[in-house]
>>> print(open('target-v3.csv').read())   # CSV, C-alpha atoms and all ligand atoms
chain,number,residue,atom,x,y,z
A,1,MET,CA,-2.7,-22.1,55.0
A,2,GLY,CA,-0.3,-22.8,52.1
A,3,TYR,CA,0.9,-26.4,53.0
A,4,LYS,CA,1.0,-28.1,49.6
A,5,CYS,CA,0.7,-31.7,50.9
A,6,ILE,CA,-2.2,-30.8,53.2
A,7,GLU,CA,-3.9,-28.9,50.4
A,8,GLU,CA,-3.7,-31.9,48.1
A,9,VAL,CA,-5.3,-34.1,50.7
A,10,THR,CA,-8.1,-31.6,51.5
A,11,GLU,CA,-8.9,-31.1,47.8
A,12,ILE,CA,-9.6,-34.9,47.5
A,13,LEU,CA,-11.6,-34.9,50.7
A,14,ASP,CA,-13.7,-32.0,49.4
A,15,LEU,CA,-14.3,-33.8,46.1
A,16,LEU,CA,-15.3,-37.0,47.9
A,17,TYR,CA,-17.8,-35.0,49.9
A,18,LYS,CA,-19.1,-33.2,46.8
A,19,HIS,CA,-19.8,-36.5,45.1
A,20,GLY,CA,-22.0,-37.5,48.1
A,21,TRP,CA,-19.7,-40.3,49.2
A,22,ASP,CA,-18.9,-38.9,52.6
A,23,GLU,CA,-22.0,-37.6,54.3
A,24,ARG,CA,-21.7,-36.2,57.9
A,25,ASN,CA,-18.6,-37.8,59.5
A,26,GLY,CA,-18.7,-40.7,57.0
A,27,GLY,CA,-15.4,-41.9,55.6
A,28,ASN,CA,-11.8,-41.5,56.7
A,29,LEU,CA,-8.4,-41.2,55.0
A,30,SER,CA,-4.7,-41.8,55.9
A,31,TYR,CA,-1.8,-40.8,53.7
A,32,ILE,CA,1.9,-41.4,54.1
A,33,LEU,CA,3.9,-38.1,54.0
A,34,THR,CA,7.6,-37.8,53.3
A,35,GLU,CA,9.9,-36.2,55.9
A,36,GLU,CA,10.3,-33.2,53.6
A,37,GLU,CA,6.5,-32.8,53.4
A,38,VAL,CA,6.2,-32.9,57.2
A,39,GLU,CA,9.0,-30.4,57.6
A,40,SER,CA,7.1,-28.0,55.3
A,41,VAL,CA,4.3,-28.0,57.9
A,42,CYS,CA,5.7,-28.6,61.4
A,43,ASP,CA,8.6,-29.9,63.4
A,44,THR,CA,9.2,-33.6,62.8
A,45,ASP,CA,10.1,-34.4,66.4
A,46,LYS,CA,7.9,-32.2,68.7
A,47,VAL,CA,5.3,-34.7,69.8
A,48,LYS,CA,2.3,-33.0,71.3
A,49,ARG,CA,0.2,-36.0,72.3
A,50,THR,CA,0.3,-39.8,71.8
A,51,PHE,CA,-2.2,-42.5,70.8
A,52,THR,CA,-1.5,-46.1,71.6
A,53,TYR,CA,-2.7,-49.2,69.7
A,54,ASN,CA,-2.6,-52.8,70.7
A,55,PHE,CA,-1.2,-54.3,67.4
A,56,ASP,CA,2.3,-54.4,66.1
A,57,MET,CA,3.4,-51.4,64.0
A,58,SER,CA,7.1,-52.3,63.9
A,59,SER,CA,7.3,-52.4,60.1
A,60,ILE,CA,6.1,-48.8,59.9
A,61,VAL,CA,8.0,-47.2,62.8
A,62,GLY,CA,9.4,-43.8,61.7
A,63,LYS,CA,6.7,-43.2,59.0
A,64,TYR,CA,4.6,-40.1,58.9
A,65,PHE,CA,0.9,-40.0,58.2
A,66,VAL,CA,-1.8,-37.4,57.8
A,67,ILE,CA,-5.0,-39.0,59.2
A,68,THR,CA,-8.5,-37.6,59.3
A,69,GLY,CA,-9.9,-37.0,62.8
A,70,THR,CA,-12.5,-39.0,64.6
A,71,GLY,CA,-16.0,-37.6,64.2
A,72,LYS,CA,-14.8,-35.0,61.7
A,73,TYR,CA,-16.7,-34.1,58.5
A,74,PHE,CA,-14.9,-34.3,55.1
A,75,LYS,CA,-17.1,-31.2,54.3
A,76,ASN,CA,-15.0,-29.1,56.7
A,77,CYS,CA,-11.5,-30.3,56.0
A,78,LEU,CA,-10.7,-27.8,53.2
A,79,LYS,CA,-11.6,-24.7,55.3
A,80,ASP,CA,-10.1,-26.0,58.5
A,81,PRO,CA,-7.5,-28.7,58.0
A,82,GLU,CA,-5.7,-28.0,61.3
A,83,THR,CA,-8.8,-29.0,63.3
A,84,ASN,CA,-10.0,-31.9,61.1
A,85,LEU,CA,-6.7,-33.5,60.2
A,86,GLY,CA,-3.6,-34.6,62.2
A,87,ILE,CA,0.0,-35.3,61.1
A,88,LEU,CA,1.4,-38.2,63.1
A,89,LYS,CA,4.6,-40.2,63.4
A,90,VAL,CA,4.8,-43.9,64.3
A,91,ILE,CA,7.1,-43.5,67.2
A,92,ASP,CA,7.3,-47.1,68.3
A,93,ASN,CA,5.6,-50.5,67.8
A,94,HIS,CA,2.4,-49.3,69.5
A,95,THR,CA,2.4,-45.5,69.5
A,96,LEU,CA,1.5,-42.7,67.2
A,97,GLY,CA,2.8,-39.2,68.1
A,98,LEU,CA,0.8,-36.1,67.1
A,99,LEU,CA,3.0,-33.5,65.5
A,100,TRP,CA,0.3,-31.2,64.0
A,101,GLY,CA,-3.4,-30.8,63.9
A,102,TYR,CA,-6.4,-32.1,65.9
A,103,LYS,CA,-6.4,-28.5,67.2
A,104,ASP,CA,-9.6,-28.9,69.2
A,105,GLY,CA,-8.2,-31.9,71.2
A,106,GLY,CA,-9.3,-34.5,68.6
A,107,ALA,CA,-7.9,-37.9,67.8
A,108,PRO,CA,-7.4,-40.1,64.8
A,109,THR,CA,-10.4,-41.7,63.1
A,110,SER,CA,-11.9,-44.8,64.9
A,111,GLU,CA,-10.8,-46.7,61.8
A,112,ALA,CA,-7.1,-45.8,62.3
A,113,PRO,CA,-6.1,-49.3,63.3
A,114,THR,CA,-7.8,-50.7,60.2
A,115,HIS,CA,-6.0,-48.1,58.0
A,116,LEU,CA,-2.6,-48.8,59.6
A,117,LYS,CA,-3.0,-52.5,59.2
A,118,CYS,CA,-3.9,-51.9,55.5
A,119,HIS,CA,-0.8,-49.7,55.1
A,120,ILE,CA,1.4,-52.4,56.6
A,121,GLU,CA,0.0,-55.1,54.2
A,122,ARG,CA,0.0,-52.8,51.1
A,123,LEU,CA,3.6,-51.7,51.7
A,124,LYS,CA,4.7,-55.4,51.6
A,125,VAL,CA,3.2,-55.7,48.2
A,126,ASP,CA,4.1,-52.2,46.9
A,127,PRO,CA,6.8,-50.1,48.5
A,128,LYS,CA,5.4,-47.0,46.7
A,129,HIS,CA,2.0,-47.4,48.3
A,130,ARG,CA,0.9,-44.3,50.3
A,131,LEU,CA,-2.8,-43.9,50.6
A,132,VAL,CA,-5.8,-45.6,52.3
A,133,CYS,CA,-9.2,-44.0,51.7
A,134,HIS,CA,-12.5,-45.2,53.2
A,135,CYS,CA,-15.8,-43.7,51.8
A,136,HIS,CA,-19.5,-44.5,51.4
A,137,PRO,CA,-20.3,-44.5,47.7
A,138,THR,CA,-24.0,-44.8,47.1
A,139,ASN,CA,-24.2,-47.4,44.3
A,140,VAL,CA,-21.5,-49.7,45.8
A,141,ILE,CA,-23.6,-49.8,49.0
A,142,CYS,CA,-26.8,-50.4,47.0
A,143,MET,CA,-25.2,-53.4,45.3
A,144,THR,CA,-24.3,-54.9,48.6
A,145,HIS,CA,-28.1,-55.1,49.3
A,146,ILE,CA,-29.0,-56.9,46.1
A,147,HIS,CA,-25.9,-58.8,44.9
A,148,ASP,CA,-24.3,-61.8,46.5
A,149,LEU,CA,-21.1,-61.0,48.4
A,150,ASP,CA,-18.7,-63.3,46.5
A,151,SER,CA,-15.6,-61.3,45.5
A,152,ASN,CA,-15.2,-63.1,42.2
A,153,HIS,CA,-18.9,-62.5,41.2
A,154,TRP,CA,-18.5,-58.8,42.1
A,155,THR,CA,-15.3,-58.6,40.1
A,156,GLU,CA,-16.8,-60.2,37.0
A,157,ASP,CA,-20.0,-58.1,37.2
A,158,LEU,CA,-18.1,-54.8,37.7
A,159,TRP,CA,-15.6,-55.7,34.9
A,160,LYS,CA,-18.5,-56.3,32.6
A,161,MET,CA,-20.3,-53.0,33.3
A,162,GLN,CA,-17.9,-50.9,31.3
A,163,THR,CA,-14.7,-51.4,29.3
A,164,GLU,CA,-12.6,-49.3,31.7
A,165,SER,CA,-13.1,-51.5,34.8
A,166,ILE,CA,-10.6,-54.3,34.1
A,167,VAL,CA,-8.1,-51.7,33.1
A,168,VAL,CA,-8.4,-49.7,36.4
A,169,PHE,CA,-8.8,-52.7,38.8
A,170,PRO,CA,-7.3,-55.7,37.1
A,171,GLU,CA,-6.7,-57.4,40.4
A,172,GLY,CA,-10.5,-57.3,41.0
A,173,ILE,CA,-12.4,-56.2,44.1
A,174,ALA,CA,-12.8,-58.0,47.4
A,175,VAL,CA,-16.1,-58.0,49.3
A,176,LEU,CA,-16.6,-58.5,53.1
A,177,PRO,CA,-19.9,-59.3,54.7
A,178,TRP,CA,-21.3,-56.9,57.3
A,179,ILE,CA,-18.9,-56.7,60.3
A,180,LEU,CA,-18.9,-54.2,63.1
A,181,CYS,CA,-17.0,-51.1,62.0
A,182,GLY,CA,-14.3,-49.5,64.1
A,183,GLY,CA,-13.4,-52.9,65.6
A,184,GLU,CA,-10.5,-55.4,65.5
A,185,GLU,CA,-12.3,-58.1,63.4
A,186,ILE,CA,-13.0,-55.8,60.5
A,187,GLY,CA,-9.5,-54.4,60.5
A,188,ILE,CA,-7.9,-57.8,60.4
A,189,ALA,CA,-10.3,-59.0,57.7
A,190,THR,CA,-9.8,-55.9,55.5
A,191,ALA,CA,-6.0,-56.0,55.9
A,192,GLU,CA,-6.0,-59.7,54.9
A,193,LYS,CA,-7.8,-58.9,51.7
A,194,MET,CA,-5.3,-56.0,51.1
A,195,LYS,CA,-2.6,-58.7,50.5
A,196,GLU,CA,-4.2,-59.3,47.1
A,197,TYR,CA,-6.5,-56.4,46.4
A,198,ARG,CA,-6.4,-52.5,46.5
A,199,SER,CA,-10.2,-52.3,47.0
A,200,VAL,CA,-12.4,-53.9,49.6
A,201,VAL,CA,-16.1,-53.5,49.9
A,202,TRP,CA,-17.8,-53.5,53.3
A,203,ALA,CA,-21.3,-54.7,52.9
A,204,GLN,CA,-24.1,-52.2,53.7
A,205,HIS,CA,-21.3,-49.7,54.6
A,206,GLY,CA,-18.8,-48.6,52.0
A,207,LEU,CA,-15.5,-49.0,50.3
A,208,PHE,CA,-11.8,-49.1,51.3
A,209,CYS,CA,-9.4,-48.2,48.5
A,210,THR,CA,-5.6,-48.0,48.5
A,211,GLY,CA,-2.8,-46.9,46.2
A,212,LYS,CA,0.3,-44.9,45.4
A,213,THR,CA,-1.2,-41.4,44.9
A,214,LEU,CA,-4.2,-39.4,45.7
A,215,ASP,CA,-5.2,-39.3,42.0
A,216,GLU,CA,-4.8,-43.1,41.6
A,217,VAL,CA,-7.0,-43.8,44.6
A,218,PHE,CA,-9.6,-41.2,43.7
A,219,GLY,CA,-9.8,-42.6,40.2
A,220,LEU,CA,-10.1,-46.1,41.6
A,221,ILE,CA,-13.1,-45.1,43.8
A,222,GLU,CA,-14.7,-43.2,40.9
A,223,THR,CA,-14.4,-46.1,38.5
A,224,ILE,CA,-15.7,-48.7,41.0
A,225,GLU,CA,-18.6,-46.4,41.9
A,226,LYS,CA,-19.3,-45.8,38.2
A,227,ALA,CA,-19.4,-49.5,37.5
A,228,ALA,CA,-21.8,-50.0,40.5
A,229,GLU,CA,-24.0,-47.2,39.2
A,230,ILE,CA,-24.3,-48.8,35.8
A,231,TYR,CA,-25.1,-52.1,37.5
A,232,MET,CA,-27.8,-50.5,39.6
A,233,LYS,CA,-29.3,-48.7,36.6
A,234,ILE,CA,-29.6,-51.9,34.4
A,235,CYS,CA,-29.9,-54.7,36.9
A,236,ASP,CA,-33.7,-54.9,36.6
A,237,LYS,CA,-33.8,-54.3,32.9
A,238,PRO,CA,-33.8,-56.9,30.1
A,239,ARG,CA,-30.3,-57.1,28.7
A,240,LEU,CA,-29.8,-57.5,25.0
A,241,GLN,CA,-26.0,-57.6,25.1
A,242,SER,CA,-23.1,-57.2,27.5
A,243,ILE,CA,-19.3,-57.5,27.5
A,244,THR,CA,-18.3,-61.1,27.0
A,245,ASN,CA,-15.4,-63.0,28.5
A,246,GLU,CA,-13.8,-63.2,25.1
A,247,GLN,CA,-14.0,-59.4,24.7
A,248,LEU,CA,-12.4,-58.9,28.1
A,249,LEU,CA,-9.6,-61.3,27.2
A,250,THR,CA,-9.1,-59.4,23.9
A,251,LEU,CA,-8.9,-56.2,25.8
A,252,ALA,CA,-6.5,-57.6,28.4
A,253,LYS,CA,-4.2,-58.9,25.6
A,254,ALA,CA,-4.3,-55.6,23.7
A,255,PHE,CA,-3.6,-53.5,26.8
A,256,LYS,CA,-1.2,-56.1,28.3
A,257,ILE,CA,-3.3,-56.2,31.5
A,258,ASP,CA,-2.2,-58.5,34.3
A,259,PHE,CA,-5.7,-59.4,35.5
A,260,ARG,CA,-6.9,-61.8,38.2
A,261,HIS,CA,-7.2,-65.3,36.7
A,262,GLY,CA,-10.0,-67.8,37.3
A,263,ILE,CA,-12.9,-65.4,36.7
A,264,ILE,CA,-13.3,-64.8,33.0
A,265,ASP,CA,-10.7,-67.3,31.8
B,301,LIG,O1,-15.7,-42.4,60.5
B,301,LIG,O2,-17.1,-44.0,58.1
B,301,LIG,O3,-16.6,-46.3,59.2
B,301,LIG,C1,-17.0,-42.8,60.1
B,301,LIG,C2,-17.0,-44.0,59.3
B,301,LIG,C3,-16.7,-45.2,60.0
B,302,ZN,ZN,-17.6,-45.8,57.1
>>> encode(input="target-v3.csv", output="structure tokens", more="lines below")
Ligand code: 2HA
Ligand code: ZN
Amino acid sequence: MGYKCIEEVTEILDLLYKHGWDERNGGNLSYILTEEEVESVCDTDKVKRTFTYNFDMSSIVGKYFVITGTGKYFKNCLKDPETNLGILKVIDNHTLGLLWGYKDGGAPTSEAPTHLKCHIERLKVDPKHRLVCHCHPTNVICMTHIHDLDSNHWTEDLWKMQTESIVVFPEGIAVLPWILCGGEEIGIATAEKMKEYRSVVWAQHGLFCTGKTLDEVFGLIETIEKAAEIYMKICDKPRLQSITNEQLLTLAKAFKIDFRHGIID
């Protein structure tokens, strides 16, 4: 295939699959491409098909995205990117134009409106933002069955599972209750949380993570899932010691971490 930007995306999709976080057609990803990256794969103005959405995309008109296809399996993206992925351009307030991919007549993931709403919010906070990734990490889902769904309680407990957590997600993690996936309500609720967080948990479903690069977002997912794994392994065991608020504050000071206030301080 030889398209560097597509290879980078499919490598991450493959890793997510191999971790067991994207069974069957679980999960979806959207990543902003530069014009140069799109030019290395296809024409930037030959629109093959269009997809319309009923929300306002005016702030991202002209941007290019690679987006996983609806019903497609992360497992298959590395060997057949042109069927499982699409490159799309936001051609007006309500329309995506397909430039490349979805070779079998496919379409963007059912969660594309949620992804695009998250991109719109994250770009307001961070102009370098590029990636939204949704996956189904096992221990994060486990925790949503046995832990309350308060974002501050999750943040505190995940920060205290391992020293790295507060370093990797100092803004904390947001948690949403069970809401119908693929719909408007969950998209609006997720994007609202993205004004303050890069990571949003969907109860009994999975995780949405965002960031500047594929490595950053993959690392964020790994770190959150690792903290959740530790939580699940120790939650029913007697605890002799844990990380204290004071220790986290010492760490934050030493590493100059701009962490969310009102949880451990
Ligand atoms: O695309 O994960 O949330 C399959 C899903 C929907
Ligand atoms: Zn999902």
>>> residues_near_ligand(input="target-v3.csv", ligand="ligand LIG 301 (chain B)", cutoff="12 Å", atoms="only C-alpha atoms and all ligand atoms", output="PDB file with C-alpha atoms, in the coordinates of the input")
ATOM      1  CA  TRP A  21     -19.700 -40.300  49.200  1.00  0.00           C
ATOM      2  CA  ASP A  22     -18.900 -38.900  52.600  1.00  0.00           C
ATOM      3  CA  GLU A  23     -22.000 -37.600  54.300  1.00  0.00           C
ATOM      4  CA  ARG A  24     -21.700 -36.200  57.900  1.00  0.00           C
ATOM      5  CA  ASN A  25     -18.600 -37.800  59.500  1.00  0.00           C
ATOM      6  CA  GLY A  26     -18.700 -40.700  57.000  1.00  0.00           C
ATOM      7  CA  GLY A  27     -15.400 -41.900  55.600  1.00  0.00           C
ATOM      8  CA  ASN A  28     -11.800 -41.500  56.700  1.00  0.00           C
ATOM      9  CA  LEU A  29      -8.400 -41.200  55.000  1.00  0.00           C
ATOM     10  CA  SER A  30      -4.700 -41.800  55.900  1.00  0.00           C
ATOM     11  CA  ILE A  67      -5.000 -39.000  59.200  1.00  0.00           C
ATOM     12  CA  THR A  68      -8.500 -37.600  59.300  1.00  0.00           C
ATOM     13  CA  GLY A  69      -9.900 -37.000  62.800  1.00  0.00           C
ATOM     14  CA  THR A  70     -12.500 -39.000  64.600  1.00  0.00           C
ATOM     15  CA  GLY A  71     -16.000 -37.600  64.200  1.00  0.00           C
ATOM     16  CA  LYS A  72     -14.800 -35.000  61.700  1.00  0.00           C
ATOM     17  CA  TYR A  73     -16.700 -34.100  58.500  1.00  0.00           C
ATOM     18  CA  PHE A  74     -14.900 -34.300  55.100  1.00  0.00           C
ATOM     19  CA  ASN A  84     -10.000 -31.900  61.100  1.00  0.00           C
ATOM     20  CA  ALA A 107      -7.900 -37.900  67.800  1.00  0.00           C
ATOM     21  CA  PRO A 108      -7.400 -40.100  64.800  1.00  0.00           C
ATOM     22  CA  THR A 109     -10.400 -41.700  63.100  1.00  0.00           C
ATOM     23  CA  SER A 110     -11.900 -44.800  64.900  1.00  0.00           C
ATOM     24  CA  GLU A 111     -10.800 -46.700  61.800  1.00  0.00           C
ATOM     25  CA  ALA A 112      -7.100 -45.800  62.300  1.00  0.00           C
ATOM     26  CA  PRO A 113      -6.100 -49.300  63.300  1.00  0.00           C
ATOM     27  CA  THR A 114      -7.800 -50.700  60.200  1.00  0.00           C
ATOM     28  CA  HIS A 115      -6.000 -48.100  58.000  1.00  0.00           C
ATOM     29  CA  CYS A 133      -9.200 -44.000  51.700  1.00  0.00           C
ATOM     30  CA  HIS A 134     -12.500 -45.200  53.200  1.00  0.00           C
ATOM     31  CA  CYS A 135     -15.800 -43.700  51.800  1.00  0.00           C
ATOM     32  CA  HIS A 136     -19.500 -44.500  51.400  1.00  0.00           C
ATOM     33  CA  PRO A 137     -20.300 -44.500  47.700  1.00  0.00           C
ATOM     34  CA  TRP A 178     -21.300 -56.900  57.300  1.00  0.00           C
ATOM     35  CA  ILE A 179     -18.900 -56.700  60.300  1.00  0.00           C
ATOM     36  CA  LEU A 180     -18.900 -54.200  63.100  1.00  0.00           C
ATOM     37  CA  CYS A 181     -17.000 -51.100  62.000  1.00  0.00           C
ATOM     38  CA  GLY A 182     -14.300 -49.500  64.100  1.00  0.00           C
ATOM     39  CA  GLY A 183     -13.400 -52.900  65.600  1.00  0.00           C
ATOM     40  CA  ILE A 186     -13.000 -55.800  60.500  1.00  0.00           C
ATOM     41  CA  GLY A 187      -9.500 -54.400  60.500  1.00  0.00           C
ATOM     42  CA  VAL A 201     -16.100 -53.500  49.900  1.00  0.00           C
ATOM     43  CA  TRP A 202     -17.800 -53.500  53.300  1.00  0.00           C
ATOM     44  CA  ALA A 203     -21.300 -54.700  52.900  1.00  0.00           C
ATOM     45  CA  GLN A 204     -24.100 -52.200  53.700  1.00  0.00           C
ATOM     46  CA  HIS A 205     -21.300 -49.700  54.600  1.00  0.00           C
ATOM     47  CA  GLY A 206     -18.800 -48.600  52.000  1.00  0.00           C
ATOM     48  CA  LEU A 207     -15.500 -49.000  50.300  1.00  0.00           C
ATOM     49  CA  PHE A 208     -11.800 -49.100  51.300  1.00  0.00           C
TER      50      PHE A 208
END
>>> residues_around(input="target-v3.csv", residues="A:Ser165", least_positions_apart="5", cutoff="7 Å", atoms="all atoms listed in the file", output="list in words")
Leu158, Trp159 and Thr223 of chain A
>>> write_last_selection(input="target-v3.csv", atoms="C-alpha atoms", output="PDB file, in the coordinates of the input")
ATOM      1  CA  LEU A 158     -18.100 -54.800  37.700  1.00  0.00           C
ATOM      2  CA  TRP A 159     -15.600 -55.700  34.900  1.00  0.00           C
ATOM      3  CA  THR A 223     -14.400 -46.100  38.500  1.00  0.00           C
TER       4      THR A 223
END
>>> residues_around(input="target-v3.csv", residues="A:Leu98", least_positions_apart="5", cutoff="12 Å", atoms="only C-alpha atoms", output="CSV table (one decimal) with C-alpha atoms, keeping the file's coordinate frame")
chain,number,residue,atom,x,y,z
A,38,VAL,CA,6.2,-32.9,57.2
A,42,CYS,CA,5.7,-28.6,61.4
A,43,ASP,CA,8.6,-29.9,63.4
A,44,THR,CA,9.2,-33.6,62.8
A,45,ASP,CA,10.1,-34.4,66.4
A,46,LYS,CA,7.9,-32.2,68.7
A,47,VAL,CA,5.3,-34.7,69.8
A,48,LYS,CA,2.3,-33.0,71.3
A,49,ARG,CA,0.2,-36.0,72.3
A,50,THR,CA,0.3,-39.8,71.8
A,51,PHE,CA,-2.2,-42.5,70.8
A,52,THR,CA,-1.5,-46.1,71.6
A,64,TYR,CA,4.6,-40.1,58.9
A,65,PHE,CA,0.9,-40.0,58.2
A,66,VAL,CA,-1.8,-37.4,57.8
A,67,ILE,CA,-5.0,-39.0,59.2
A,69,GLY,CA,-9.9,-37.0,62.8
A,82,GLU,CA,-5.7,-28.0,61.3
A,85,LEU,CA,-6.7,-33.5,60.2
A,86,GLY,CA,-3.6,-34.6,62.2
A,87,ILE,CA,0.0,-35.3,61.1
A,88,LEU,CA,1.4,-38.2,63.1
A,89,LYS,CA,4.6,-40.2,63.4
A,90,VAL,CA,4.8,-43.9,64.3
A,91,ILE,CA,7.1,-43.5,67.2
A,103,LYS,CA,-6.4,-28.5,67.2
A,105,GLY,CA,-8.2,-31.9,71.2
A,106,GLY,CA,-9.3,-34.5,68.6
A,107,ALA,CA,-7.9,-37.9,67.8
A,108,PRO,CA,-7.4,-40.1,64.8
>>> atom_distance(input="target-v3.csv", atom1="atom CA of A:Ile234", atom2="atom CA of A:Leu15")
26.4 Å
>>> closest_residue(input="target-v3.csv", among="A:Leu131, A:Leu123, A:Ala174, A:Ile188", to="A:Tyr31", atoms="only C-alpha atoms")
A:Leu131
>>> atom_distance(input="target-v3.csv", atom1="atom CA of A:Lys18", atom2="atom CA of A:Ile141")
17.3 Å
>>> closest_residue(input="target-v3.csv", among="A:Ile166, A:Ile173, A:Leu116, A:Leu214", to="A:Asn245", atoms="all atoms listed in the file")
A:Ile166
>>> atom_distance(input="target-v3.csv", atom1="atom CA of A:Ile221", atom2="atom CA of A:Asn139")
11.3 Å
